[in-house]
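Next up, upload-v1.pdb (PDB, C-alpha atoms):
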ATOM      1  CA  MET A   1       0.000   0.000   0.000  1.00  0.00           C
ATOM      2  CA  ARG A   2       1.321   3.453  -0.908  1.00  0.00           C
ATOM      3  CA  LYS A   3       0.528   6.612   1.039  1.00  0.00           C
ATOM      4  CA  ASN A   4       1.137  10.261   0.183  1.00  0.00           C
ATOM      5  CA  ILE A   5       3.329  12.326   2.467  1.00  0.00           C
ATOM      6  CA  SER A   6       2.121  15.885   2.202  1.00  0.00           C
ATOM      7  CA  LYS A   7       4.042  18.991   1.280  1.00  0.00           C
ATOM      8  CA  ILE A   8       6.320  20.755   3.738  1.00  0.00           C
ATOM      9  CA  LEU A   9       8.570  23.737   3.176  1.00  0.00           C
ATOM     10  CA  LEU A  10      11.883  24.146   4.951  1.00  0.00           C
ATOM     11  CA  GLY A  11      14.858  26.328   4.416  1.00  0.00           C
ATOM     12  CA  LEU A  12      17.913  28.132   5.719  1.00  0.00           C
ATOM     13  CA  THR A  13      20.556  28.558   3.041  1.00  0.00           C
ATOM     14  CA  ALA A  14      18.200  26.971   0.525  1.00  0.00           C
ATOM     15  CA  THR A  15      14.503  26.415   0.251  1.00  0.00           C
ATOM     16  CA  MET A  16      13.898  22.695   0.414  1.00  0.00           C
ATOM     17  CA  GLY A  17      10.351  21.637  -0.197  1.00  0.00           C
ATOM     18  CA  VAL A  18       9.265  18.073   0.077  1.00  0.00           C
ATOM     19  CA  ALA A  19       6.561  17.856  -2.512  1.00  0.00           C
ATOM     20  CA  CYS A  20       5.205  14.450  -1.626  1.00  0.00           C
ATOM     21  CA  GLY A  21       6.390  10.985  -0.867  1.00  0.00           C
ATOM     22  CA  ASP A  22       5.197   7.473  -0.549  1.00  0.00           C
ATOM     23  CA  ALA A  23       5.606   5.069   2.307  1.00  0.00           C
ATOM     24  CA  GLN A  24       5.183   1.516   1.173  1.00  0.00           C
ATOM     25  CA  ALA A  25       4.908  -1.180   3.764  1.00  0.00           C
ATOM     26  CA  THR A  26       7.234  -3.980   2.762  1.00  0.00           C
ATOM     27  CA  GLN A  27       6.054  -5.844   5.846  1.00  0.00           C
ATOM     28  CA  GLY A  28       5.259  -3.195   8.415  1.00  0.00           C
ATOM     29  CA  SER A  29       3.723   0.234   8.719  1.00  0.00           C
ATOM     30  CA  LEU A  30       4.669   3.649  10.076  1.00  0.00           C
ATOM     31  CA  ASP A  31       2.470   6.732  10.204  1.00  0.00           C
ATOM     32  CA  ASP A  32       3.248   9.324   7.503  1.00  0.00           C
ATOM     33  CA  GLU A  33       3.327  12.143  10.076  1.00  0.00           C
ATOM     34  CA  LEU A  34       6.012  10.342  12.082  1.00  0.00           C
ATOM     35  CA  ILE A  35       8.116  10.034   8.925  1.00  0.00           C
ATOM     36  CA  ARG A  36       7.604  13.745   8.158  1.00  0.00           C
ATOM     37  CA  ARG A  37       8.667  14.741  11.693  1.00  0.00           C
ATOM     38  CA  VAL A  38      11.941  12.853  11.432  1.00  0.00           C
ATOM     39  CA  VAL A  39      12.679  14.280   7.971  1.00  0.00           C
ATOM     40  CA  ARG A  40      11.935  17.816   9.227  1.00  0.00           C
ATOM     41  CA  ALA A  41      14.172  17.295  12.260  1.00  0.00           C
ATOM     42  CA  HIS A  42      17.040  16.294   9.954  1.00  0.00           C
ATOM     43  CA  SER A  43      16.400  18.879   7.238  1.00  0.00           C
ATOM     44  CA  PRO A  44      19.539  20.880   8.147  1.00  0.00           C
ATOM     45  CA  GLU A  45      21.612  17.875   7.032  1.00  0.00           C
ATOM     46  CA  ILE A  46      19.965  17.857   3.600  1.00  0.00           C
ATOM     47  CA  GLU A  47      20.243  21.648   3.399  1.00  0.00           C
ATOM     48  CA  ALA A  48      23.978  21.418   4.162  1.00  0.00           C
ATOM     49  CA  CYS A  49      24.422  18.882   1.350  1.00  0.00           C
ATOM     50  CA  TYR A  50      22.572  21.182  -1.022  1.00  0.00           C
ATOM     51  CA  ALA A  51      24.448  24.312   0.103  1.00  0.00           C
ATOM     52  CA  THR A  52      27.707  22.541  -0.714  1.00  0.00           C
ATOM     53  CA  ALA A  53      26.320  21.512  -4.113  1.00  0.00           C
ATOM     54  CA  LEU A  54      25.469  25.153  -4.798  1.00  0.00           C
ATOM     55  CA  THR A  55      29.143  26.049  -4.355  1.00  0.00           C
ATOM     56  CA  ARG A  56      29.879  23.718  -7.289  1.00  0.00           C
ATOM     57  CA  ASP A  57      26.904  24.865  -9.387  1.00  0.00           C
ATOM     58  CA  ALA A  58      25.035  27.984  -8.261  1.00  0.00           C
ATOM     59  CA  GLU A  59      22.064  27.087 -10.456  1.00  0.00           C
ATOM     60  CA  ALA A  60      21.622  23.472  -9.279  1.00  0.00           C
ATOM     61  CA  ASN A  61      17.956  22.843  -8.563  1.00  0.00           C
ATOM     62  CA  GLY A  62      15.318  20.170  -8.946  1.00  0.00           C
ATOM     63  CA  VAL A  63      13.907  17.065  -7.357  1.00  0.00           C
ATOM     64  CA  VAL A  64      16.053  14.376  -5.741  1.00  0.00           C
ATOM     65  CA  LEU A  65      14.056  11.231  -4.941  1.00  0.00           C
ATOM     66  CA  VAL A  66      15.601   9.310  -2.059  1.00  0.00           C
ATOM     67  CA  THR A  67      14.354   5.781  -1.457  1.00  0.00           C
ATOM     68  CA  PHE A  68      15.111   4.342   1.961  1.00  0.00           C
ATOM     69  CA  THR A  69      14.135   1.409   4.137  1.00  0.00           C
ATOM     70  CA  ILE A  70      13.250   1.825   7.791  1.00  0.00           C
ATOM     71  CA  GLY A  71      14.172  -1.412   9.570  1.00  0.00           C
ATOM     72  CA  THR A  72      12.378  -3.053  12.465  1.00  0.00           C
ATOM     73  CA  THR A  73      14.413  -1.084  15.040  1.00  0.00           C
ATOM     74  CA  GLY A  74      13.694   2.263  13.327  1.00  0.00           C
ATOM     75  CA  GLU A  75      17.178   2.534  11.830  1.00  0.00           C
ATOM     76  CA  VAL A  76      17.558   3.229   8.122  1.00  0.00           C
ATOM     77  CA  THR A  77      18.929  -0.020   6.729  1.00  0.00           C
ATOM     78  CA  ALA A  78      19.305   1.116   3.098  1.00  0.00           C
ATOM     79  CA  ALA A  79      19.164   4.404   1.189  1.00  0.00           C
ATOM     80  CA  LYS A  80      19.648   5.300  -2.457  1.00  0.00           C
ATOM     81  CA  VAL A  81      18.860   8.089  -4.868  1.00  0.00           C
ATOM     82  CA  GLY A  82      16.133   6.723  -7.096  1.00  0.00           C
ATOM     83  CA  SER A  83      16.102   9.659  -9.491  1.00  0.00           C
ATOM     84  CA  SER A  84      17.384  13.209  -9.637  1.00  0.00           C
ATOM     85  CA  ASP A  85      17.086  16.356 -11.710  1.00  0.00           C
ATOM     86  CA  ILE A  86      20.499  17.376 -10.377  1.00  0.00           C
ATOM     87  CA  GLY A  87      23.435  15.500 -11.892  1.00  0.00           C
ATOM     88  CA  ASP A  88      25.702  15.885  -8.877  1.00  0.00           C
ATOM     89  CA  GLU A  89      26.923  12.531  -7.539  1.00  0.00           C
ATOM     90  CA  THR A  90      28.584  14.234  -4.560  1.00  0.00           C
ATOM     91  CA  LEU A  91      25.213  15.724  -3.571  1.00  0.00           C
ATOM     92  CA  HIS A  92      23.571  12.319  -3.966  1.00  0.00           C
ATOM     93  CA  GLY A  93      26.214  10.644  -1.792  1.00  0.00           C
ATOM     94  CA  CYS A  94      25.879  13.302   0.895  1.00  0.00           C
ATOM     95  CA  MET A  95      22.096  12.908   0.970  1.00  0.00           C
ATOM     96  CA  ARG A  96      22.352   9.085   1.107  1.00  0.00           C
ATOM     97  CA  GLU A  97      24.823   9.280   3.986  1.00  0.00           C
ATOM     98  CA  ALA A  98      22.623  11.726   5.871  1.00  0.00           C
ATOM     99  CA  VAL A  99      19.486   9.598   5.507  1.00  0.00           C
ATOM    100  CA  GLN A 100      21.338   6.421   6.503  1.00  0.00           C
ATOM    101  CA  GLY A 101      22.071   7.998   9.883  1.00  0.00           C
ATOM    102  CA  TRP A 102      18.465   8.834  10.724  1.00  0.00           C
ATOM    103  CA  LEU A 103      16.457   7.021  13.386  1.00  0.00           C
ATOM    104  CA  PHE A 104      12.691   6.659  13.083  1.00  0.00           C
ATOM    105  CA  PRO A 105      10.159   5.233  15.506  1.00  0.00           C
ATOM    106  CA  ARG A 106       9.920   1.440  15.240  1.00  0.00           C
ATOM    107  CA  PRO A 107       7.506   0.424  12.485  1.00  0.00           C
ATOM    108  CA  GLU A 108       4.702  -1.944  13.374  1.00  0.00           C
ATOM    109  CA  GLY A 109       4.978  -5.406  11.859  1.00  0.00           C
ATOM    110  CA  GLY A 110       8.288  -5.094  10.004  1.00  0.00           C
ATOM    111  CA  SER A 111      10.313  -2.810   7.762  1.00  0.00           C
ATOM    112  CA  VAL A 112       8.917   0.063   5.673  1.00  0.00           C
ATOM    113  CA  GLU A 113      10.196   1.414   2.350  1.00  0.00           C
ATOM    114  CA  VAL A 114       9.842   5.156   1.750  1.00  0.00           C
ATOM    115  CA  ASP A 115      10.201   7.202  -1.461  1.00  0.00           C
ATOM    116  CA  TYR A 116      10.876  10.796  -0.438  1.00  0.00           C
ATOM    117  CA  PRO A 117      11.300  13.524  -3.079  1.00  0.00           C
ATOM    118  CA  PHE A 118      13.305  16.535  -1.928  1.00  0.00           C
ATOM    119  CA  VAL A 119      12.625  19.648  -4.016  1.00  0.00           C
ATOM    120  CA  LEU A 120      15.824  21.683  -3.911  1.00  0.00           C
ATOM    121  CA  VAL A 121      15.689  25.320  -5.017  1.00  0.00           C
ATOM    122  CA  PRO A 122      18.176  28.090  -4.161  1.00  0.00           C
ATOM    123  CA  GLN A 123      16.735  30.654  -1.812  1.00  0.00           C
ATOM    124  CA  ILE A 124      16.563  34.176  -3.179  1.00  0.00           C
ATOM    125  CA  LEU A 125      18.241  36.491  -0.683  1.00  0.00           C
ATOM    126  CA  LYS A 126      17.334  40.178  -0.690  1.00  0.00           C
TER     127      LYS A 126
END
Whole structure, structure tokens version:
Amino acid sequence: MRKNISKILLGLTATMGVACGDAQATQGSLDDELIRRVVRAHSPEIEACYATALTRDAEANGVVLVTFTIGTTGEVTAAKVGSSDIGDETLHGCMREAVQGWLFPRPEGGSVEVDYPFVLVPQILK
């Protein structure tokens, strides 16, 4: 079963919007809001990855879809970039590493696979 994870907007050095995402129970389940809370809590890590990418390409922007598995203990057991509008492998590696260090609440009934699209757009400073 796939569920939508609704839009959130975050930002410090960059505006990072998470347009939507899907949590697919591979065996277990975890509430979408709990997933969103953890992602929001760790958003500075993703923003730091993106800020570094902007030093390499000031116009880098787009959607990076990160697919990750939340194991039975709540730890991320696998993470990969499923697709990306930004062709920056260093950015992708940084985002994968960040997500792999996150801890979620324990899913009920087993592991959960999540597709999470990060919309990365440079913030316009005035």
Quick one: pull the distance between CA of Gln27 in chain A and CA of Thr77 in chain A, Å, one decimal.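 According to the coordinates, CA of Gln27 in chain A and CA of Thr77 in chain A are separated by 14.2 Å.
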Could you check the closest approach to Cys49 in chain A for each of A:Thr67, A:Ser29, A:Thr90, A:Asn61 and tell me which residue wins, using only C-alpha atoms? A:Thr90
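Distances to Ile46 in chain A were evaluated for A:Pro107, A:Gly87, A:Gly71, A:Gly101 using all atoms listed in the file, and the minimum falls at A:Gly101.
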Residues returned when the PyMOL selection byres ((chain A and resi 80) around 12) runs on this file, as a PyMOL selection string: chain A and resi 64-69+76-79+81-84+89+91-100+113-117
Just checking: using all atoms listed in the file, which residue out of A:Leu30, A:Ile70, A:Ile86, A:Val39 ends up closest to Arg56 in chain A? A:Ile86
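The environment of Arg106 in chain A within 7 Å, counting only C-alpha atoms and disregarding residues fewer than 5 places along the same chain, consists of Thr72, Thr73 and Gly74 of chain A.
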Using C-alpha atoms, can you export the residues from the last selection as a short mmCIF file (atom, residue, chain, number, x, y, z; two decimals), in the frame of the given file?
data_model
loop_
_atom_site.label_atom_id
_atom_site.label_comp_id
_atom_site.auth_asym_id
_atom_site.auth_seq_id
_atom_site.Cartn_x
_atom_site.Cartn_y
_atom_site.Cartn_z
CA THR A 72 12.38 -3.05 12.46
CA THR A 73 14.41 -1.08 15.04
CA GLY A 74 13.69 2.26 13.33
#
Could you state the separation of CA of Ala41 in chain A and CA of Leu103 in chain A in Å, given to one decimal place?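 Calculated distance between CA of Ala41 in chain A and CA of Leu103 in chain A is 10.6 Å.
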How many Å lie between CA of Phe118 in chain A and CA of Val63 in chain A, rounded to one decimal?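 Separating CA of Phe118 in chain A from CA of Val63 in chain A is a distance of 5.5 Å.
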Name the closest residue to Leu54 in chain A among the candidates A:Ser111, A:Phe104, A:Arg40, A:Asp88; distances are taken between atoms, counting all atoms listed in the file.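 Distance minimum relative to Leu54 in chain A lands on A:Asp88.
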Once 5 Å is added on each side, what centre and edge lengths in Å to one decimal does the axis-aligned box around all listed atoms of range 42-53 of chain A have, as AutoDock Vina command-line options?
--center_x 22.1 --center_y 20.3 --center_z 2.9 --size_x 21.3 --size_y 18.0 --size_z 24.1
Using all atoms listed in the file, which of A:Gly62, A:Arg37, A:Trp102, A:Asp32 sits nearest Tyr50 in chain A?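 Looking only at the distances to Tyr50 in chain A, the closest residue turns out to be A:Gly62.
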Any chance you could work out the residue set of the PyMOL selection byres ((chain A and resi 51) around 10) here, as a PyMOL selection string? chain A and resi 12-14+45-50+52-58+60+91+120+122
